[in-house]
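Peer 1: Have a look at this one before I ask anything.
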Amino acid sequence: METKYNKEDLPFLSVLPEKHQENDNENGNGRLKQSYYNFFFDAENDTGDFLLFNSLSGGFAKVPAANVEVVRRILDDPNGFDCNSPDKKQLFETAKKGGYIVKENVDEKAVLKMMSMLGRYSTEQFHLVILPTMACNFACNYCFQQEDTGIMSLEMQQALVKWVETRLKVANQFQVGWFGGEPLLGYKCIDYLTGEFKRLCDKYDVEYSAAISTNGYLMDEKVIDRVQDWNLRHIQVTLDGPPDIHNTSRLLKNSTAGTYDVLVDHLVKLYEKHPDFVVMLRVNVSEESIKHVPRFFDNLPEVIRQKAHMYMAEIYQCSSFLSADPTENPSEKATPVKNLTGHAMRKKMTEMNLMGAKYRKKFPCSEDQGRYERYQMLPRAGYCQAQYANQFVIGPHGGISKCPVSYQNELKIGQLHSDGTATFNLQKMAMWMGGDFFERKSCSKCKMLPTCMGGCTSATLKYPETAGCAAPIKEKEVTPLLAMLHREGLYGCG
Ligand code: SF4
Ligand code: SF4
């Protein structure tokens with residue numbers, strides 16, 4: 001049995017520099033117990049092999065059929081286990097190394113809570129989602145974004161630069177996500193702010209990177225030429241399926257002309273200029289549209305199919321995490337979309353994700369495939385930016401929020417002022433940051449808590465009285481999903 005960690009994938013574990021961490025399990029003293037966060041289950045590959053996953057350590061191991069009973073005994077009674085052969089000793093040591101057995105006096109939940117706090121309140125990483133505008137050139141029939149035609153003024157941009165400077169004095173990484181509305185309507189704003197951010201990052205020796213979520217329509221040659229200057233790590237573009245499906249939902253404002261061909265053409269040109277660029281190709285799916293995804297893959301130009309990271313996103317996924325009313329649509333303005341929330345839909349989406357992953361040739365390493373699902377099962381300090389103290393969303397008029405899809409006035413936590421200072425409403429901030437998911441009934445005993453940290457805060461704020469599980473992958477779905485990823489060779493372990 002070999003156990004696997006992807007250390008570089010575990011921001012949670014790297015909160016404390018390794019030299020300051022002691023691994024209590026390695027000193028050999030004290031009694032041991034099985035970790036609460038273990039999943040030990042049949043690999044479902046007709047061989048009798050089992051898989052062992054620990055959501056707290058991120059450890060993942062294949063246990064060959066011949067060793068299943070021995071490993072079960074180690075887990076059930078580590079103190080009574082007799083390491084009377086080199087093989088048994090090796091299995092026992094691996095169980096310790098993977099965090100599958102831990103010291104008896106360790107309060108795993110207390111450790112988890114402390115690590116979460118350290119990560120969530122760290123100032124080392126400063127992360128902003130900037131909305132240069134809330135306006136959009138598209139009128140998608142399900143969109144929740146609100147109408148606001150203003151682009152961030154130069155005065156507000158300069159204020160933002162001043163405020164960012166105060167934060168960079170204590171950070172060592174600065175990450176920006178350009179979002180909207182359609183952020184490329186604010187091309188000049190992005191260009192100006194990027195120049196200023198890079199200047200400040202040079203001054204304070206801070207690492208700068210950015211990403212952009214765009215509908216792709218304005219991603220013309222001028223933008224493609226700026227990809228490196230803007231330090232973009234990746235671009236997220238959305239296609240909703242093959243042309244006939246996409247063109248019914250993602251329309252230009254005041255036009256019935258389809259947008260599919262333009263977006264695909266822009267992506268092809270992007271790859272011509274930057275062959276190694278990372279494109280996250282989001283495919284919004286509903287119960288109705290997901291059946292068209294295989295046809296969508298077939299129709300894509302080869303270069304996109306082989307290089308883009310394609311992943312399914314359920315329309316209105318945040319509301320559907322809490323499945324009190326799975327057909328409820330959070331926008332009164334938008335056309336209702338019927339979603340098959342729950343396990344069946346997520347299973348279907350995973351199957352489509354795996355189908356997309358198999359097309360990818362650029363990264364032959366299978367580790368990079370099944371990325372979305374693997375990411376959902378890695379331990380972390382907080383689920384998303386909403387839970388981190390040094391991560392904010394800045395709107396075009398300086399409003400500060402915690403979540404780009406909950407950018408309504410009543411949910412804003414603060415305001416950036418023209419002199420470069422910011423004020424915060426502590427009560428509103430507490431709504432986002434003060435909730436204790438360690439104490440929430442549905443989460444406190446959940447074995448996925450280390451990887452999920454209570455899930456989407458926006459969803460739990462929206463549905464406090466029904467607040468159940470706000471995670472995209474529920475506890476009972478973990479073992480079949482891991483078995484499937486392992487069978488497909490998309491989640492490696494020894
Ligand atoms: S709170 Fe929910 S909707 Fe907002 S960024 Fe986080 S996961 Fe997304
Ligand atoms: S949101 Fe769901 S998966 Fe996440 S910790 Fe809570 S109960 Fe578990």
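Each chain of the structure tokens is named A, B, ... in the order shown, its residues numbered from 1; ligands are numbered from 1 in display order.
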Any chance you could tabulate, as JSON lines, the residues of chain A at most 7 Å from ligand 2 with each one's nearest atom pair and distance in Å to one decimal, using only C-alpha atoms and all ligand atoms, in chain and rising number order?

Peer 2:
{"residue": "A:Ser442", "atom": "CA", "partner": "ligand 2", "partner_atom_place_in_ligand_line": "7 (S)", "distance": 4.6}
{"residue": "A:Cys443", "atom": "CA", "partner": "ligand 2", "partner_atom_place_in_ligand_line": "6 (Fe)", "distance": 3.5}
{"residue": "A:Ser444", "atom": "CA", "partner": "ligand 2", "partner_atom_place_in_ligand_line": "5 (S)", "distance": 6.9}
{"residue": "A:Cys446", "atom": "CA", "partner": "ligand 2", "partner_atom_place_in_ligand_line": "8 (Fe)", "distance": 4.5}
{"residue": "A:Lys447", "atom": "CA", "partner": "ligand 2", "partner_atom_place_in_ligand_line": "8 (Fe)", "distance": 6.6}
{"residue": "A:Met448", "atom": "CA", "partner": "ligand 2", "partner_atom_place_in_ligand_line": "8 (Fe)", "distance": 5.0}
{"residue": "A:Leu449", "atom": "CA", "partner": "ligand 2", "partner_atom_place_in_ligand_line": "5 (S)", "distance": 3.7}
{"residue": "A:Cys452", "atom": "CA", "partner": "ligand 2", "partner_atom_place_in_ligand_line": "4 (Fe)", "distance": 4.6}
{"residue": "A:Met453", "atom": "CA", "partner": "ligand 2", "partner_atom_place_in_ligand_line": "5 (S)", "distance": 5.4}
{"residue": "A:Gly454", "atom": "CA", "partner": "ligand 2", "partner_atom_place_in_ligand_line": "1 (S)", "distance": 3.9}
{"residue": "A:Gly455", "atom": "CA", "partner": "ligand 2", "partner_atom_place_in_ligand_line": "1 (S)", "distance": 4.6}
{"residue": "A:Gly468", "atom": "CA", "partner": "ligand 2", "partner_atom_place_in_ligand_line": "7 (S)", "distance": 6.6}
{"residue": "A:Cys469", "atom": "CA", "partner": "ligand 2", "partner_atom_place_in_ligand_line": "2 (Fe)", "distance": 3.5}
{"residue": "A:Ala470", "atom": "CA", "partner": "ligand 2", "partner_atom_place_in_ligand_line": "1 (S)", "distance": 4.2}
{"residue": "A:Ala471", "atom": "CA", "partner": "ligand 2", "partner_atom_place_in_ligand_line": "1 (S)", "distance": 4.6}
{"residue": "A:Ile473", "atom": "CA", "partner": "ligand 2", "partner_atom_place_in_ligand_line": "3 (S)", "distance": 6.5}
{"residue": "A:Lys474", "atom": "CA", "partner": "ligand 2", "partner_atom_place_in_ligand_line": "3 (S)", "distance": 4.8}
{"residue": "A:Glu475", "atom": "CA", "partner": "ligand 2", "partner_atom_place_in_ligand_line": "3 (S)", "distance": 5.5}

Peer 1: Write down as a PyMOL selection string the residues of region 84-321 of chain A whose backbone DSSP state falls under strand (DSSP E).

Peer 2: chain A and resi 101-103+125-130+173-178+207-214+232-239+278-285+309-314

Peer 1: Go through the chains and note each residue within 8 Å of ligand 1, using only C-alpha atoms and all ligand atoms, then give the set as a PDB file with N, CA and C atoms, in the first residue's frame.

Peer 2:
ATOM      1  N   CYS A 318     -25.289  27.545  -7.015  1.00  0.00           N
ATOM      2  CA  CYS A 318     -25.229  27.901  -5.602  1.00  0.00           C
ATOM      3  C   CYS A 318     -26.562  27.653  -4.916  1.00  0.00           C
ATOM      4  N   TYR A 383     -13.883  27.418   2.142  1.00  0.00           N
ATOM      5  CA  TYR A 383     -14.423  26.916   0.883  1.00  0.00           C
ATOM      6  C   TYR A 383     -14.113  27.851  -0.277  1.00  0.00           C
ATOM      7  N   CYS A 384     -14.299  29.157  -0.059  1.00  0.00           N
ATOM      8  CA  CYS A 384     -14.053  30.116  -1.139  1.00  0.00           C
ATOM      9  C   CYS A 384     -13.688  31.449  -0.514  1.00  0.00           C
ATOM     10  N   GLN A 385     -13.445  32.419  -1.366  1.00  0.00           N
ATOM     11  CA  GLN A 385     -12.968  33.721  -0.908  1.00  0.00           C
ATOM     12  C   GLN A 385     -13.862  34.360   0.155  1.00  0.00           C
ATOM     13  N   ALA A 386     -15.150  34.005   0.144  1.00  0.00           N
ATOM     14  CA  ALA A 386     -16.075  34.629   1.093  1.00  0.00           C
ATOM     15  C   ALA A 386     -15.641  34.382   2.532  1.00  0.00           C
ATOM     16  N   GLN A 387     -14.921  33.307   2.772  1.00  0.00           N
ATOM     17  CA  GLN A 387     -14.545  32.958   4.143  1.00  0.00           C
ATOM     18  C   GLN A 387     -13.162  33.477   4.537  1.00  0.00           C
ATOM     19  N   LYS A 402     -18.179  40.185  -0.470  1.00  0.00           N
ATOM     20  CA  LYS A 402     -17.419  38.944  -0.280  1.00  0.00           C
ATOM     21  C   LYS A 402     -17.644  37.950  -1.399  1.00  0.00           C
ATOM     22  N   CYS A 403     -18.657  38.198  -2.232  1.00  0.00           N
ATOM     23  CA  CYS A 403     -19.007  37.180  -3.216  1.00  0.00           C
ATOM     24  C   CYS A 403     -19.509  37.859  -4.491  1.00  0.00           C
ATOM     25  N   PRO A 404     -18.918  37.533  -5.634  1.00  0.00           N
ATOM     26  CA  PRO A 404     -19.320  38.236  -6.854  1.00  0.00           C
ATOM     27  C   PRO A 404     -20.741  37.937  -7.310  1.00  0.00           C
ATOM     28  N   VAL A 405     -21.300  36.803  -6.909  1.00  0.00           N
ATOM     29  CA  VAL A 405     -22.671  36.540  -7.335  1.00  0.00           C
ATOM     30  C   VAL A 405     -23.694  36.996  -6.291  1.00  0.00           C
ATOM     31  N   SER A 406     -23.224  37.589  -5.209  1.00  0.00           N
ATOM     32  CA  SER A 406     -24.133  38.172  -4.210  1.00  0.00           C
ATOM     33  C   SER A 406     -23.757  39.633  -4.043  1.00  0.00           C
ATOM     34  N   GLY A 455     -19.042  24.788   2.829  1.00  0.00           N
ATOM     35  CA  GLY A 455     -19.604  25.059   1.505  1.00  0.00           C
ATOM     36  C   GLY A 455     -19.886  26.533   1.243  1.00  0.00           C
ATOM     37  N   CYS A 456     -20.768  26.761   0.303  1.00  0.00           N
ATOM     38  CA  CYS A 456     -21.030  28.109  -0.218  1.00  0.00           C
ATOM     39  C   CYS A 456     -21.738  28.980   0.819  1.00  0.00           C
ATOM     40  N   THR A 457     -21.083  30.055   1.233  1.00  0.00           N
ATOM     41  CA  THR A 457     -21.671  30.943   2.245  1.00  0.00           C
ATOM     42  C   THR A 457     -22.886  31.671   1.690  1.00  0.00           C
ATOM     43  N   SER A 458     -22.819  32.046   0.427  1.00  0.00           N
ATOM     44  CA  SER A 458     -23.944  32.748  -0.177  1.00  0.00           C
ATOM     45  C   SER A 458     -25.211  31.898  -0.086  1.00  0.00           C
ATOM     46  N   ALA A 459     -25.080  30.611  -0.356  1.00  0.00           N
ATOM     47  CA  ALA A 459     -26.244  29.726  -0.307  1.00  0.00           C
ATOM     48  C   ALA A 459     -26.767  29.594   1.117  1.00  0.00           C
TER      49      ALA A 459
END

Peer 1: Using only C-alpha atoms, which residues sit within 10 Å of Asp82 (chain A) once same-chain residues fewer than 6 positions away are excluded, as a VMD selection string?

Peer 2: chain A and resid 73 to 74 88 to 89 92

Peer 1: Could you give me, as a ChimeraX atom specification, the residues within 6 Å of region 229-232 of chain A, counting only C-alpha atoms and dropping anything in the same chain fewer than 5 positions from it?

Peer 2: /A:209-211

Peer 1: Please write the residues from the selection above to a file, keeping C-alpha atoms, as a JSON list (two decimals), in the first residue's frame.

Peer 2:
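File part-v4.json, as written:
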[["chain", "number", "residue", "atom", "x", "y", "z"],
["A", 209, "SER", "CA", -0.96, 37.06, -10.98],
["A", 210, "ALA", "CA", -4.44, 37.42, -12.42],
["A", 211, "ALA", "CA", -7.24, 35.49, -14.07]]

Peer 1: DSSP on the backbone, then: every residue of region 62-112 of chain A marked alpha helix (DSSP H), written as JSON, numbers by chain.

Peer 2: {"A": [68, 69, 70, 71, 72, 73, 74, 75, 76, 86, 87, 88, 89, 90, 91, 92, 93, 94, 95, 96, 97, 108, 109, 110, 111, 112]}

Peer 1: Env of Leu200 (chain A): 10 Å cut, atoms = only C-alpha atoms, seq-sep filter 5 positions within chain, self excluded. Answer as a ChimeraX atom specification.

Peer 2: /A:161-162,164-165,168-169,194-195,205-206,208

Peer 1: Filtering to N, CA and C atoms, could you give me those residues as a tab-separated table (two decimals), in the first residue's frame?

Peer 2:
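Once everything was written out, this is result14.tsv:
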chain	number	residue	atom	x	y	z
A	161	VAL	N	-5.93	51.70	-6.27
A	161	VAL	CA	-4.47	51.52	-6.27
A	161	VAL	C	-3.89	51.92	-4.92
A	162	LYS	N	-4.38	53.03	-4.37
A	162	LYS	CA	-3.88	53.47	-3.05
A	162	LYS	C	-4.20	52.44	-1.97
A	164	VAL	N	-4.84	49.23	-2.37
A	164	VAL	CA	-4.06	48.01	-2.61
A	164	VAL	C	-2.64	48.19	-2.06
A	165	GLU	N	-2.08	49.37	-2.21
A	165	GLU	CA	-0.70	49.58	-1.72
A	165	GLU	C	-0.61	49.32	-0.22
A	168	LEU	N	-0.47	45.58	0.26
A	168	LEU	CA	0.70	44.86	-0.27
A	168	LEU	C	1.90	44.95	0.66
A	169	LYS	N	1.86	45.90	1.58
A	169	LYS	CA	2.99	46.03	2.51
A	169	LYS	C	3.12	44.80	3.40
A	194	THR	N	-3.75	46.98	-14.05
A	194	THR	CA	-2.69	45.96	-14.10
A	194	THR	C	-1.32	46.63	-14.05
A	195	GLY	N	-1.15	47.70	-14.82
A	195	GLY	CA	0.15	48.41	-14.82
A	195	GLY	C	0.50	48.89	-13.42
A	205	ASP	N	8.01	43.72	-3.57
A	205	ASP	CA	8.48	42.35	-3.77
A	205	ASP	C	7.35	41.33	-3.53
A	206	VAL	N	6.24	41.58	-4.18
A	206	VAL	CA	5.06	40.72	-4.06
A	206	VAL	C	4.84	40.04	-5.41
A	208	TYR	N	2.71	38.76	-8.39
A	208	TYR	CA	1.41	39.18	-8.93
A	208	TYR	C	0.90	38.20	-9.98

Peer 1: Nearest residue to Glu314 (chain A) out of A:Phe39, A:Tyr142, A:Phe81, A:Tyr187, using only C-alpha atoms?

Peer 2: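 Checking each of A:Phe39, A:Tyr142, A:Phe81, A:Tyr187 against Glu314 (chain A), counting only C-alpha atoms, the winner is A:Tyr142.
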
Peer 1: What's around region 418-423 of chain A at 9 Å? Count only C-alpha atoms, leave out sequence neighbours fewer than 2 positions away in its own chain, and write the answer as a list in words.

Peer 2: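 In the requested format, the answer is Glu155, Met156, Gln157, Gln158, Ala159, Leu160, Val161, Lys162, Trp163, Val164, Gly398, Ile400, Ile413, Gly414, Gln415, Leu416 and Asn425 of chain A.
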
Peer 1: Kindly indicate which residue among A:Ser286, A:Gln125, A:Ser249, A:Asn105 lies nearest to Phe138 (chain A), using only C-alpha atoms for the distances.

Peer 2: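 Selected residue with least distance to Phe138 (chain A): A:Ser249.
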
Peer 1: Can you measure CA of Gly216 (chain A) to CA of Leu263 (chain A) for me? One decimal in Å is fine.

Peer 2: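 A separation of 5.6 Å between them.
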
Peer 1: Which neighbours of Gly99 (chain A) fall inside 9 Å, counting only C-alpha atoms, when residues of the same chain fewer than 4 positions from it are skipped, and could you give them as a CSV table (one decimal) with C-alpha atoms, in the first residue's frame?

Peer 2:
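What landed in selection_1.csv:
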chain,number,residue,atom,x,y,z
A,25,ASN,CA,2.8,10.5,14.4
A,34,GLN,CA,-8.2,5.6,13.7
A,35,SER,CA,-8.7,9.1,12.2
A,38,ASN,CA,-11.1,8.1,7.0
A,54,ASN,CA,-8.5,10.7,4.5
A,56,LEU,CA,-8.0,15.8,6.7
A,57,SER,CA,-4.6,14.8,5.4
A,58,GLY,CA,-5.6,14.5,1.7
A,59,GLY,CA,-4.0,11.0,1.8
A,94,THR,CA,2.1,3.9,5.8
A,95,ALA,CA,-1.1,4.2,7.8

Peer 1: Hey, which of A:Leu461, A:Met431, A:Met349, A:Val268 ends up closest to Met312 (chain A)? Count only C-alpha atoms.

Peer 2: A:Met349
